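Student: My file is upload23.txt. It has compact mmCIF, C-alpha atoms:
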```
# COMPACT_ATOMS: atom_id res chain seq x y z
CA MET A 27 0.00 0.00 0.00
CA ASP A 28 1.56 3.26 -1.06
CA LYS A 29 1.26 6.62 0.63
CA GLU A 30 -1.52 7.78 -1.64
CA CYS A 31 -3.69 4.73 -0.91
CA GLN A 32 -3.12 5.21 2.82
CA ASN A 33 -4.17 8.83 2.61
CA VAL A 34 -7.23 8.02 0.51
CA ARG A 35 -8.39 5.28 2.88
CA ARG A 36 -8.06 7.55 5.85
CA ARG A 37 -10.18 10.16 4.12
CA LEU A 38 -12.70 7.65 2.86
CA ALA A 39 -13.29 6.30 6.35
CA LEU A 40 -14.59 9.72 7.37
CA VAL A 41 -17.04 10.16 4.53
CA ARG A 42 -20.64 9.30 5.24
CA PRO A 43 -22.32 7.08 2.66
CA GLU A 44 -24.76 9.82 1.74
CA ASP A 45 -22.05 12.47 1.35
CA PRO A 46 -20.64 13.04 -2.15
CA LEU A 47 -17.08 11.93 -2.72
CA GLU A 48 -14.47 14.46 -3.75
CA ALA A 49 -13.35 14.20 -7.37
CA GLU A 50 -9.83 13.28 -6.30
CA LEU A 51 -11.12 10.33 -4.26
CA GLU A 52 -13.45 9.25 -7.06
CA ALA A 53 -10.55 9.25 -9.51
CA HIS A 54 -8.40 7.17 -7.20
CA LEU A 55 -11.18 4.64 -6.59
CA SER A 56 -11.77 4.18 -10.28
CA SER A 57 -8.15 3.16 -10.76
CA CYS A 58 -7.35 1.30 -7.51
CA VAL A 59 -9.08 -2.03 -6.88
CA SER A 60 -7.87 -2.53 -3.33
CA CYS A 61 -9.09 0.91 -2.23
CA ARG A 62 -12.41 0.23 -3.93
CA LEU A 63 -12.77 -2.92 -1.84
CA ILE A 64 -11.93 -0.96 1.29
CA ARG A 65 -14.57 1.57 0.35
CA GLN A 66 -17.14 -1.19 -0.08
CA GLY A 67 -16.22 -2.49 3.36
CA ASP A 68 -16.66 1.00 4.82
CA LEU A 69 -20.06 1.35 3.17
CA ALA A 70 -21.08 -2.06 4.51
CA THR A 71 -19.99 -1.01 8.01
CA TRP A 72 -21.97 2.22 7.82
CA GLY A 73 -24.92 0.22 6.52
CA LEU A 74 -24.79 -2.18 9.46
CA LEU A 75 -24.80 0.78 11.85
CA GLU A 76 -28.31 1.58 10.63
CA LEU A 77 -29.44 -1.41 12.67
CA TYR A 78 -28.53 0.39 15.88
CA THR A 79 -31.87 2.07 16.42
CA ALA A 80 -33.33 3.78 19.47
CA PRO A 81 -36.69 2.85 21.00
CA PRO A 82 -39.60 5.30 20.79
CA THR A 83 -39.49 8.29 23.08
CA PRO A 84 -41.52 7.76 26.26
CA SER A 85 -44.76 9.71 26.41
CA ASP A 86 -44.40 11.05 29.95
CA LEU A 87 -41.11 12.88 29.51
CA TRP A 88 -42.71 16.31 29.44
CA ILE A 89 -44.49 15.64 32.72
CA ARG A 90 -41.25 14.53 34.28
CA VAL A 91 -39.38 17.58 33.05
CA ASN A 92 -42.04 19.77 34.65
CA GLU A 93 -41.81 17.79 37.88
CA ALA A 94 -38.07 18.26 37.84
CA LEU A 95 -38.50 21.98 37.37
CA SER A 96 -41.04 22.29 40.15
CA HIS A 97 -38.80 20.36 42.52
CA GLY A 98 -35.73 22.27 41.47
CA ARG A 99 -33.90 19.07 40.60
CA THR A 100 -34.08 16.11 38.26
CA PRO A 101 -36.06 13.24 39.76
CA ARG A 102 -33.93 10.17 39.50
CA ARG A 103 -35.14 6.67 39.10
CA ARG A 104 -34.01 4.23 41.70
CA GLU A 105 -32.49 1.91 39.14
CA THR A 106 -29.79 4.40 38.33
CA LEU A 107 -28.84 5.33 41.86
CA GLY A 108 -25.51 4.04 43.04
CA LYS A 109 -25.39 0.85 45.02
CA TRP A 110 -24.03 2.66 48.04
CA MET A 111 -26.81 5.19 47.86
CA GLU A 112 -29.37 2.44 47.67
CA ALA A 113 -27.84 0.64 50.64
CA PHE A 114 -27.83 3.90 52.58
CA CYS A 115 -31.48 4.56 51.74
CA SER A 116 -32.45 1.07 52.83
CA ALA A 117 -30.57 1.45 56.10
CA TRP A 118 -32.10 4.86 56.71
CA ARG A 119 -35.57 3.44 56.30
CA LEU A 120 -34.74 0.73 58.83
CA ALA A 121 -33.34 3.23 61.35
CA PRO A 122 -36.56 3.59 63.48
CA ALA A 123 -36.92 -0.17 63.74
CA ILE A 124 -33.26 -0.54 64.71
CA ALA A 125 -33.54 2.25 67.31
CA PHE A 126 -36.68 0.72 68.79
CA THR A 127 -35.05 -2.70 69.05
CA VAL A 128 -31.95 -1.29 70.75
CA ALA A 129 -34.06 0.73 73.21
CA LEU A 130 -36.20 -2.29 74.01
CA GLY A 131 -33.11 -4.41 74.55
CA LEU A 132 -31.53 -1.88 76.90
CA GLY A 133 -34.74 -1.43 78.89
CA LEU A 134 -35.33 -5.11 79.24
CA GLY A 135 -31.70 -5.70 80.22
CA GLY A 136 -31.82 -2.99 82.87
CA TRP A 137 -35.05 -4.29 84.30
CA LEU A 138 -33.71 -7.83 84.45
CA GLY A 139 -30.49 -6.64 86.07
CA SER A 140 -32.30 -4.83 88.84
CA ALA A 141 -34.95 -7.49 89.39
CA LEU A 142 -32.70 -10.51 89.61
CA THR A 143 -30.04 -10.97 92.31
CA ILE A 144 -27.24 -13.36 91.55
CA PRO A 145 -25.87 -14.64 94.89
CA TYR A 146 -22.36 -15.63 93.88
CA LEU A 147 -21.62 -12.17 92.55
CA VAL A 148 -22.29 -10.56 95.96
CA PRO A 149 -19.16 -10.54 98.21
CA SER A 150 -19.64 -12.65 101.37
CA THR A 151 -17.57 -10.37 103.70
CA PRO A 152 -17.80 -6.62 103.39
CA ARG A 153 -14.60 -4.83 102.61
CA THR A 154 -13.20 -3.08 105.66
CA THR A 155 -10.22 -1.22 104.30
CA THR A 156 -10.70 2.45 103.64
CA TYR A 157 -9.36 4.62 100.94
CA ALA A 158 -7.03 6.41 103.30
CA GLN A 159 -5.49 3.22 104.61
CA ASP A 160 -4.97 1.82 101.18
CA GLU A 161 -3.58 5.00 99.79
CA TRP A 162 -1.22 5.91 102.59
CA GLY A 163 -0.31 2.40 103.75
CA ALA A 164 2.65 2.51 101.42
CA PHE A 165 4.33 4.93 103.80
CA ASP A 166 4.13 2.59 106.77
CA LEU A 167 7.86 2.03 106.41
CA ALA A 168 8.45 5.53 107.75
CA PRO A 169 9.18 5.35 111.49
CA PRO A 170 6.25 6.36 113.70
CA GLY A 171 6.57 9.88 114.97
CA SER A 172 9.07 10.85 112.29
CA LEU A 173 8.69 14.05 110.37
CA ALA A 174 8.28 12.11 107.12
CA ARG A 175 5.37 10.11 108.50
CA ALA A 176 3.76 13.19 109.97
CA TYR A 177 4.18 15.03 106.71
CA LEU A 178 3.27 12.36 104.22
CA SER A 179 0.54 10.42 105.96
CA PRO A 180 -1.28 12.42 108.51
CA MET A 181 -4.34 10.22 108.30
CA ALA A 182 -2.53 6.92 108.70
CA ASP A 183 -1.84 7.44 112.41
CA GLU A 184 -5.30 8.37 113.26
CA PRO A 185 -7.13 5.76 115.31
CA MET B 16 -48.36 32.23 17.60
CA PRO B 17 -45.06 30.67 18.69
CA GLU B 18 -45.53 27.54 16.50
CA GLY B 19 -44.25 29.36 13.44
CA LEU B 20 -41.14 30.70 15.16
CA CYS B 21 -37.68 29.29 14.67
CA ASP B 22 -35.69 27.81 17.52
CA GLN B 23 -33.65 30.95 18.14
CA GLU B 24 -36.78 33.06 18.41
CA LEU B 25 -38.31 30.55 20.77
CA MET B 26 -35.18 30.70 22.91
CA ALA B 27 -35.44 34.48 23.01
CA ARG B 28 -39.05 34.20 24.17
CA LEU B 29 -38.05 31.53 26.67
CA ALA B 30 -35.46 33.88 28.13
CA GLY B 31 -38.33 36.28 28.67
CA GLY B 32 -40.19 33.65 30.68
CA ASP B 33 -42.51 32.23 28.01
CA HIS B 34 -43.14 28.65 29.13
CA GLU B 35 -45.06 27.79 25.97
CA SER B 36 -41.90 28.31 23.94
CA PHE B 37 -40.14 25.85 26.19
CA HIS B 38 -42.85 23.28 25.53
CA LEU B 39 -42.53 23.79 21.79
CA LEU B 40 -38.76 23.39 21.89
CA PHE B 41 -39.22 20.24 23.91
CA LEU B 42 -41.70 18.79 21.43
CA ARG B 43 -39.44 19.62 18.51
CA HIS B 44 -36.23 18.19 19.87
CA GLN B 45 -36.99 15.59 22.53
CA LYS B 46 -36.76 12.69 20.08
CA ARG B 47 -33.37 13.69 18.84
CA VAL B 48 -31.96 14.17 22.32
CA PHE B 49 -33.43 10.85 23.40
CA ARG B 50 -31.96 9.05 20.39
CA LEU B 51 -28.54 10.50 21.06
CA ALA B 52 -28.65 9.63 24.75
CA PHE B 53 -29.91 6.12 24.10
CA ARG B 54 -27.32 5.38 21.44
CA GLN B 55 -24.58 6.65 23.70
CA THR B 56 -25.66 4.96 26.93
CA GLY B 57 -27.46 1.94 25.50
CA ASN B 58 -29.95 2.24 28.33
CA ARG B 59 -33.47 3.62 28.20
CA LEU B 60 -33.65 4.83 31.81
CA GLU B 61 -30.36 6.68 31.63
CA ALA B 62 -31.41 8.18 28.31
CA GLU B 63 -34.68 9.44 29.81
CA GLU B 64 -32.83 11.05 32.69
CA ILE B 65 -30.42 12.72 30.33
CA VAL B 66 -33.32 14.13 28.30
CA GLN B 67 -34.89 15.55 31.44
CA GLU B 68 -31.66 17.07 32.65
CA THR B 69 -30.85 18.46 29.20
CA PHE B 70 -34.10 20.40 29.00
CA VAL B 71 -33.88 21.56 32.60
CA ARG B 72 -30.44 22.96 31.84
CA LEU B 73 -31.66 24.45 28.60
CA LEU B 74 -34.34 26.36 30.48
CA ARG B 75 -31.90 27.56 33.12
CA SER B 76 -29.38 28.72 30.53
CA ALA B 77 -31.92 30.39 28.24
CA ALA B 78 -30.91 33.87 29.36
CA ARG B 79 -27.26 33.15 28.50
CA TYR B 80 -27.98 31.65 25.08
CA ARG B 81 -26.41 33.45 22.13
CA ALA B 82 -27.44 32.40 18.64
CA GLU B 83 -23.88 31.90 17.38
CA ALA B 84 -24.13 28.20 16.56
CA SER B 85 -27.30 26.41 15.52
CA PHE B 86 -29.75 25.73 18.29
CA GLU B 87 -29.60 21.97 17.68
CA THR B 88 -25.84 21.94 18.11
CA TYR B 89 -26.25 23.91 21.33
CA LEU B 90 -28.83 21.45 22.64
CA LEU B 91 -26.82 18.41 21.59
CA THR B 92 -23.77 19.91 23.27
CA ILE B 93 -25.65 19.95 26.57
CA ALA B 94 -26.80 16.37 26.05
CA THR B 95 -23.35 15.20 24.95
CA ARG B 96 -21.63 16.62 28.00
CA LEU B 97 -24.27 15.12 30.29
CA CYS B 98 -23.83 11.69 28.70
CA LEU B 99 -20.06 11.74 28.95
CA ASN B 100 -20.11 13.08 32.51
CA ALA B 101 -22.62 10.45 33.61
CA GLN B 102 -20.51 7.71 32.10
CA ALA B 103 -17.33 9.07 33.66
CA ARG B 104 -19.07 9.15 37.05
CA ALA B 105 -20.26 5.58 36.57
CA TYR B 106 -16.71 4.42 35.89
CA LYS B 107 -15.47 6.31 38.93
CA ARG B 108 -17.94 4.37 41.04
CA PHE B 109 -16.56 1.19 39.48
CA GLU B 110 -19.94 0.45 37.98
CA GLU B 111 -20.52 -0.81 34.52
CA PRO B 112 -23.00 1.62 32.94
CA HIS B 113 -26.38 -0.04 32.49
CA ARG B 114 -26.76 -1.51 29.06
CA MET B 115 -29.60 -3.87 29.55
CA ASP B 116 -32.16 -2.79 27.00
CA GLU B 117 -32.43 -5.08 24.06
CA PRO B 118 -33.62 -3.54 20.83
CA ARG B 119 -36.92 -4.34 19.23
CA ILE B 120 -37.08 -7.16 16.76
CA ILE B 121 -36.88 -5.80 13.24
CA ASN B 122 -36.19 -7.74 10.11
CA VAL B 123 -33.22 -6.49 8.21
CA ALA B 124 -32.80 -9.24 5.65
CA ALA B 125 -35.20 -9.30 2.75
CA SER B 126 -38.37 -7.53 1.81
CA THR B 127 -40.28 -10.80 2.29
CA PRO B 128 -38.49 -12.24 5.26
CA GLY B 129 -38.90 -15.74 6.55
CA PRO B 130 -38.26 -16.90 10.11
CA GLU B 131 -34.61 -17.66 9.39
CA ASP B 132 -34.08 -14.21 7.99
CA ALA B 133 -35.69 -12.71 11.06
CA ALA B 134 -33.40 -14.71 13.33
CA LEU B 135 -30.39 -13.71 11.27
CA GLY B 136 -31.50 -10.08 11.36
CA ASN B 137 -31.71 -10.17 15.13
CA GLU B 138 -28.34 -11.79 15.35
CA ILE B 139 -26.74 -9.10 13.21
CA ARG B 140 -28.55 -6.43 15.17
CA SER B 141 -27.25 -7.81 18.45
CA ALA B 142 -23.74 -7.98 17.06
CA VAL B 143 -23.87 -4.37 15.88
CA ARG B 144 -25.19 -3.22 19.20
CA ARG B 145 -22.58 -5.17 21.13
CA VAL B 146 -19.72 -3.81 19.05
CA ILE B 147 -20.95 -0.21 19.27
CA LEU B 148 -21.42 -0.39 23.02
CA SER B 149 -17.98 -1.91 23.43
CA LEU B 150 -16.37 1.20 21.95
CA PRO B 151 -14.75 3.65 24.38
CA ASP B 152 -17.25 6.34 25.40
CA GLU B 153 -15.63 9.19 23.47
CA GLU B 154 -15.26 7.16 20.30
CA ARG B 155 -18.88 6.11 20.51
CA MET B 156 -19.98 9.68 21.12
CA ALA B 157 -18.02 10.91 18.10
CA LEU B 158 -19.61 8.18 16.04
CA VAL B 159 -23.12 8.96 17.30
CA LEU B 160 -22.75 12.68 16.64
CA PHE B 161 -21.17 12.27 13.23
CA ARG B 162 -22.90 9.21 11.82
CA PHE B 163 -26.30 9.16 13.48
CA GLU B 164 -26.95 12.83 14.21
CA GLY B 165 -25.32 14.08 11.03
CA LEU B 166 -23.18 16.73 12.71
CA SER B 167 -20.16 18.08 10.90
CA TYR B 168 -16.69 17.52 12.33
CA GLU B 169 -16.67 21.08 13.60
CA ASP B 170 -20.02 20.78 15.36
CA ALA B 171 -19.15 17.37 16.77
CA ALA B 172 -15.88 18.79 18.07
CA ARG B 173 -17.70 21.74 19.63
CA ALA B 174 -20.24 19.44 21.25
CA MET B 175 -17.55 17.24 22.73
CA GLY B 176 -15.27 20.10 23.72
CA LYS B 177 -12.45 18.79 21.52
CA THR B 178 -10.51 19.85 18.46
CA VAL B 179 -11.53 18.75 14.97
CA SER B 180 -8.40 16.63 14.59
CA ALA B 181 -9.15 14.89 17.90
CA VAL B 182 -12.65 14.06 16.71
CA THR B 183 -11.42 12.71 13.37
CA SER B 184 -8.93 10.54 15.25
CA LEU B 185 -11.73 9.25 17.46
CA LEU B 186 -13.81 8.49 14.39
CA TRP B 187 -10.94 6.75 12.68
CA ARG B 188 -10.31 4.53 15.70
CA ALA B 189 -14.02 3.83 16.05
CA ARG B 190 -14.22 2.85 12.40
CA GLU B 191 -11.26 0.46 12.80
CA ARG B 192 -12.86 -1.19 15.81
CA LEU B 193 -16.22 -1.45 14.07
CA ARG B 194 -14.69 -3.07 11.02
CA GLU B 195 -12.83 -5.51 13.21
CA GLY B 196 -15.85 -6.29 15.37
CA LEU B 197 -18.24 -6.65 12.44
CA LYS B 198 -15.80 -8.40 10.15
CA GLU B 199 -17.89 -11.52 9.98
CA TRP B 200 -20.96 -9.60 8.89
CA ILE B 201 -19.20 -7.22 6.57
CA ASP B 202 -17.74 -10.13 4.64
CA ASP B 203 -21.25 -11.46 4.22
CA ALA B 204 -22.74 -8.11 3.37
CA ALA B 205 -22.38 -8.48 -0.37
CA VAL B 206 -23.99 -11.91 -0.35
CA PRO B 207 -27.72 -11.95 -1.21
CA SER B 208 -29.95 -12.30 1.81
CA GLN B 209 -31.31 -15.76 0.96
CA ASP B 210 -27.75 -17.10 0.90
CA ARG B 211 -26.75 -15.38 4.12
CA ARG B 212 -26.70 -18.15 6.70
CA ARG B 213 -24.40 -18.52 9.63
CA LYS B 214 -21.69 -21.07 9.15
CA PRO B 215 -21.89 -23.88 11.72
CA VAL B 216 -19.45 -23.40 14.55
```
Mind turning this structure into structure tokens?
Tutor:
Amino acid sequence: MDKECQNVRRRLALVRPEDPLEAELEAHLSSCVSCRLIRQGDLATWGLLELYTAPPTPSDLWIRVNEALSHGRTPRRRETLGKWMEAFCSAWRLAPAIAFTVALGLGLGGWLGSALTIPYLVPSTPRTTTYAQDEWGAFDLAPPGSLARAYLSPMADEP
Amino acid sequence: MPEGLCDQELMARLAGGDHESFHLLFLRHQKRVFRLAFRQTGNRLEAEEIVQETFVRLLRSAARYRAEASFETYLLTIATRLCLNAQARAYKRFEEPHRMDEPRIINVAASTPGPEDAALGNEIRSAVRRVILSLPDEERMALVLFRFEGLSYEDAARAMGKTVSAVTSLLWRARERLREGLKEWIDDAAVPSQDRRRKPV
């Protein structure tokens, strides 16, 4: 394939079947068999594209445009919403039911907790140590009557 | 009466708040916008949404409209950008754009078709549809604007926001892919319809 054929084929590919061919292209086609075959292939391709038709326009489009204008936005069909958006919408609709179930569970749990006493969880002997003793007991190593003991743990020596 | 007015005059009236002009523009051009959107998206629902959004945007931009290009090119530019943006968004969400609508059954074989011709016609139709929808979005849009909507290179380039050379490159690549994808049917295209039968696989 020479340069001229390459150039002609590139130009031919961009000519619609119904458009007239330039005289230069016509002249080349009349003398070049391979380019003529390419042209026939192009025409066949364009012809097949005619099969790609659109369905009839829906009748309610005008109503929907007006709805969109009155709402200030385009109403979207659910089928075209994103999956995440759909999941979010579903969850949002379930929110009252989820909240009610959680509240019911908490209430029932609280009531059961207060109504029932489980014996083995209650300590058998009450704890006698106090906060002060626990906290300041660490300083028991200081000699009684010493300045350190008097300074650091004034409560520890109290009866 | 606004029925006799051209599109530019209707747009001027629309800018002044005349809703009847908007209705007339809608009636005149809705089919074309729908066809473009359907051929680009391959999906009826998406095409309907794009038609709605196109006309909503047309109304909102009526005051800014200047009659420099033809009104149809202006309208198709809005629709083209909406299609491409919607498809870009769909890819960003990692979703395959919906392409579920199957075309109606139409015989393409002979003038007096038999059942085999009808089946063959549907098979060719499905192949054409599959190959067109498998094109990259921009190549398909260039093809739709140039081949189906009859726009010139310049108008197609304006609608897509590209240069003329970019659009011709897109068309060239689309044509190569189409020829490759439809090779089987193009080879058979010259054969008379009664002899056109699929070879057994």
Student: Just give me the gap between CA of Ala125 in chain A and CA of Ser140 in chain A in Å, one decimal is fine.
Tutor: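 These atoms are spaced 22.7 Å apart.
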Student: Please find the residues of chain B near chain A - the criterion being any atom within 7 Å, counting all atoms listed in the file - and write them as a list in words.
Tutor: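 Here they are: Lys46, Phe49, Arg50, Phe53, Arg54, Glu64, Gln67, Glu68, Val71, Arg140, Val143, Arg144, Arg162, Trp187, Arg194, Ile201 and Ala204 of chain B.
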Student: Please provide the set of residues having any atom within 8 Å of Gln102 in chain B, restricted to all atoms listed in the file, with same-chain residues fewer than 3 positions apart removed, written as a VMD selection string.
Tutor: chain B and resid 56 98 to 99 105 to 106 112 152
Student: Find the residues around range 171-177 of chain B up to 10 Å (only C-alpha atoms counted), leave out those fewer than 2 positions away in its own chain, and share them as a PyMOL selection string.
Tutor: chain B and resi 84+88-96+99+153+156-161+164-169+179-183
Student: One decimal, in Å: what's the spacing between CA of Glu44 in chain A and CA of Glu138 in chain B?
Tutor: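 Those two atoms sit 25.8 Å apart.
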Student: Between B:Trp200, B:Glu18, B:His34, B:Leu51, which residue has the minimum interatomic distance to Leu135 in chain B, considering only C-alpha atoms?
Tutor: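 Among B:Trp200, B:Glu18, B:His34, B:Leu51, it is B:Trp200 that comes nearest to Leu135 in chain B.
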Student: State, in Å with one decimal place, the distance from CA of Leu197 in chain B to CA of Ala134 in chain B.
Tutor: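 CA of Leu197 in chain B sits 17.2 Å away from CA of Ala134 in chain B.
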